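Visitor: The structure follows.
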Amino acid sequence: MSLFDTRVPAVLLRIDRNPFHHGTLGAVRSLGRAGVAVHVVADCAKSPVGASRFVRHTHTPPPPGASPDEIAEVLRRVAARIARPAVLVPMDDASAIAVARMRAELAPAYLLPAVPGTLPGRVADKAELAGVCAALDVPHPVTVVPDSPAEAAAAACRLGLPVVAKWSRPWLLPPGSGLRSTVLVRSAREARELYSRTGEAGCRLLLQAFLPPGTDLDWFAHGYTDRTGAVRAGGCGRKTRARPRGAGLTAAGRWTPDARVQALTERIAGALGYRGIFDLDFRRCGSTGRYHLLDFNPRPGAQFRLFTDSSGLDVVRALHLDLTHRPLPEGVPLPGRVFVVENYAPLTALRPAPAGRELAWHARDDRLPGRALWALWGRHAAGRLVRRPRRGGHAEAVPCRAGGSVVPRAVTAPSVPGQAEPVEALGPMEAIGPMEAIGPVEQVEPVDLTGSR
């Protein structure tokens with residue numbers, strides 16, 4: 001007898017147009033292998049995801065930037081076609097935020113966790129998250145939200161160049177604008193010019209203290225908070241290779257248990273009253289050893305299949321089992337297991353993995369997505385090479401009136417990836433720095449955790 005109620009299908013919702021979103025394929029395979037009928041509401045026309053044998057049906061998604069009413073209308077059409085209650089799994093931040101707000105409206109056609117309706121939007125907003133961390137006494141990079149171009153320039157100097165600049169709600173950035181979710185700002189002038197595009201971005205700009213990449217700094221924690229508030233499935237992992245190097249998404253990661261990260265994760269989820277799947281990003285401070293929360297993603301992380309235990313349980317399966325009132329199996333964690341995204345780390349995918357390995361695209365029981373990937377990736381990589389601008393190798397001095405000093409910068413220093421194009425949704429390079437080294441800055445105020453904005 002199956003552990004799953006296979007009478008209840010699953011609907012995966014993704015609004016963004018990234019054809020290389022391997023997390024969606026992971027969810028398709030995880031539930032499909034369990035015998036659950038999987039419907040995908042996403043743009044799969046040019047994505048390897050659509051080639052999976054575990055996709056029961058694909059449906060046209062809402063357009064990027066769709067209003068809640070437009071998203072609800074699409075989901076109602078899908079529900080009418082399926083004609084039975086389904087577990088709904090948002091796969092990107094915009095979907096997760098909209099679905100949480102419409103939970104009552106979407107019931108009973110869809111089964112959803114009882115997460116407070118405004119909570120996903122608050123934790124996904126990078127400016128709001130800074131306030132949440134302050135209220136919970138959770139370490140977080142020193143963050144400034146400027147309210148003018150002049151303040152942006154001054155804050156960049158006070159924080160100490162370079163600084164990390166982020167748009168608080170990157171899913172709102174207009175396609176084709178050239179705006180990236182996160183960039184490394186190396187001068188007061190750059191901070192001022194970036195702030196001037198706030199209206200175009202549709203969200204606030206924030207500046208964070210920067211800590212250059214190092215060894216064993218980047219960590220993540222995935223989990224599912226069930227109906228009782230207990231954190232189930234998932235685990236803690238360390239990013240061993242990123243795309244691009246030293247920043248961005250997890251190209252390769254290893255299941256690495258850490259009691260401090262796990263305890264911090266459970267404390268955050270419990271204090272917020274969070275329910276459902278989450279993906280948290282942390283960075284360890286090299287000087288203090290403290291883990292700083294960088295991102296709270298209220299949906300599955302792209303590498304969630306790394307944390308598949310001995311019973312086959314992962315966070316997406318935990319969601320389906322819990323919402324259909326089925327018991328979750330008690331499996332054994334598999335520390336040392338690795339996850340590799342082949343198109344970002346092809347050589348790593350060939351290395352021995354004694355504790356087991358999960359590949360993002362290739363699978364023996366589902367070969368077509370892996371084959372489709374390379375044809376699509378080859379065209380994408382060739383196009384990127386043609387469009388790539390040349391970079392100089394000289395250094396220049398950028399004046400910044402911070403104690404009368406002149407701050408040198410190297411033009412060849414790596415920039416931080418963002419969302420200039422849908423397929424480049426590689427995630428931000430985050431940064432932390434010791435607060436005592438920053439000096440007086442206006443920081444984000446704690447938010448009221450009992451209310452909403």
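Residues in the structure tokens are named by chain (A, B, ... in the order shown) and by number from 1 within that chain; ligands are numbered from 1 in the order shown.
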Return as CSV the residues of range 143-260 of chain A lying at most 8 Å from range 297-313 of chain A, together with the closest atom-to-atom pair for each and the distance in Å to one decimal, counting only C-alpha atoms, with rows in chain order and ascending residue number.
Guide:
```
residue,atom,partner,partner_atom,distance
A:His222,CA,A:Phe304,CA,6.7
A:Ala233,CA,A:Leu313,CA,6.6
A:Gly234,CA,A:Phe307,CA,5.1
A:Gly235,CA,A:Phe307,CA,6.0
A:Thr250,CA,A:Gln303,CA,7.4
A:Gly253,CA,A:Leu306,CA,7.8
A:Arg254,CA,A:Leu306,CA,7.6
A:Trp255,CA,A:Leu306,CA,6.8
```
Visitor: Neighbouring residues of Arg122 in chain A were defined as those with any atom within 10 Å, considering only C-alpha atoms; residues of the same chain fewer than 2 positions away were excluded. Please report them as a PyMOL selection string.
Guide: chain A and resi 97+117-120+124-132+169+296+298+447+449+452-453
Visitor: Tell me which protein, DNA and RNA residues are within 10 Å of Ala104 in chain A, counting only C-alpha atoms, leaving out same-chain ones fewer than 6 positions away, and put them as a PyMOL selection string.
Guide: chain A and resi 110+112+114+117
Visitor: Can you spit out the residues from that selection as a compact mmCIF listing (two decimals), in the first residue's frame, using N, CA and C atoms?
Guide:
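Contents of part-v2.txt, freshly written:
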```txt
# COMPACT_ATOMS: atom_id res chain seq x y z
N TYR A 110 -7.97 23.62 -3.55
CA TYR A 110 -6.55 23.35 -3.31
C TYR A 110 -6.29 23.17 -1.82
N LEU A 112 -3.68 23.63 1.16
CA LEU A 112 -2.55 24.51 1.44
C LEU A 112 -2.25 24.55 2.93
N ALA A 114 -1.56 26.19 6.59
CA ALA A 114 -2.23 27.31 7.26
C ALA A 114 -1.21 28.36 7.67
N GLY A 117 -1.44 34.79 6.16
CA GLY A 117 -1.51 35.23 4.78
C GLY A 117 -0.45 36.22 4.35
```
Visitor: List every residue of range 126-217 of chain A that DSSP, applied to the backbone of this structure, assigns to helix (DSSP H, G or I), and report them as an NGL selection string.
Guide: :A and (126-136 or 149-159 or 170-172 or 188-195 or 198-201)
Visitor: With a distance cut-off of 10 Å and only C-alpha atoms, select the neighbouring residues of Lys46 in chain A, excluding the residue or stretch itself and same-chain residues fewer than 5 positions from it, and output the selection as a count of residues only.
Guide: 8
Visitor: What is the CA of Gly50 in chain A to CA of Leu179 in chain A distance in Å?
Guide: 28.8 Å
Visitor: Using only C-alpha atoms, which of the listed residues (A:Val164, A:Ala242, A:Leu205, A:Ala27) sits closest to Pro146 in chain A?
Guide: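 Closest to Pro146 in chain A of all the choices is A:Leu205.
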Visitor: I'd like the neighbourhood of Pro139 in chain A as a PyMOL selection string, where a residue qualifies if any of its atoms comes within 7 Å (using only C-alpha atoms), though same-chain residues fewer than 3 positions away should be ignored.
Guide: chain A and resi 133+291-293
Visitor: If you run DSSP on this backbone, which residues of range 192-226 of chain A come out as strand (DSSP E or B), and could you give them as a list in words?
Guide: Leu205, Leu206, Leu207, Gln208, Ala209, Asp218, Trp219, Phe220, Ala221, His222, Gly223, Tyr224 and Thr225 of chain A
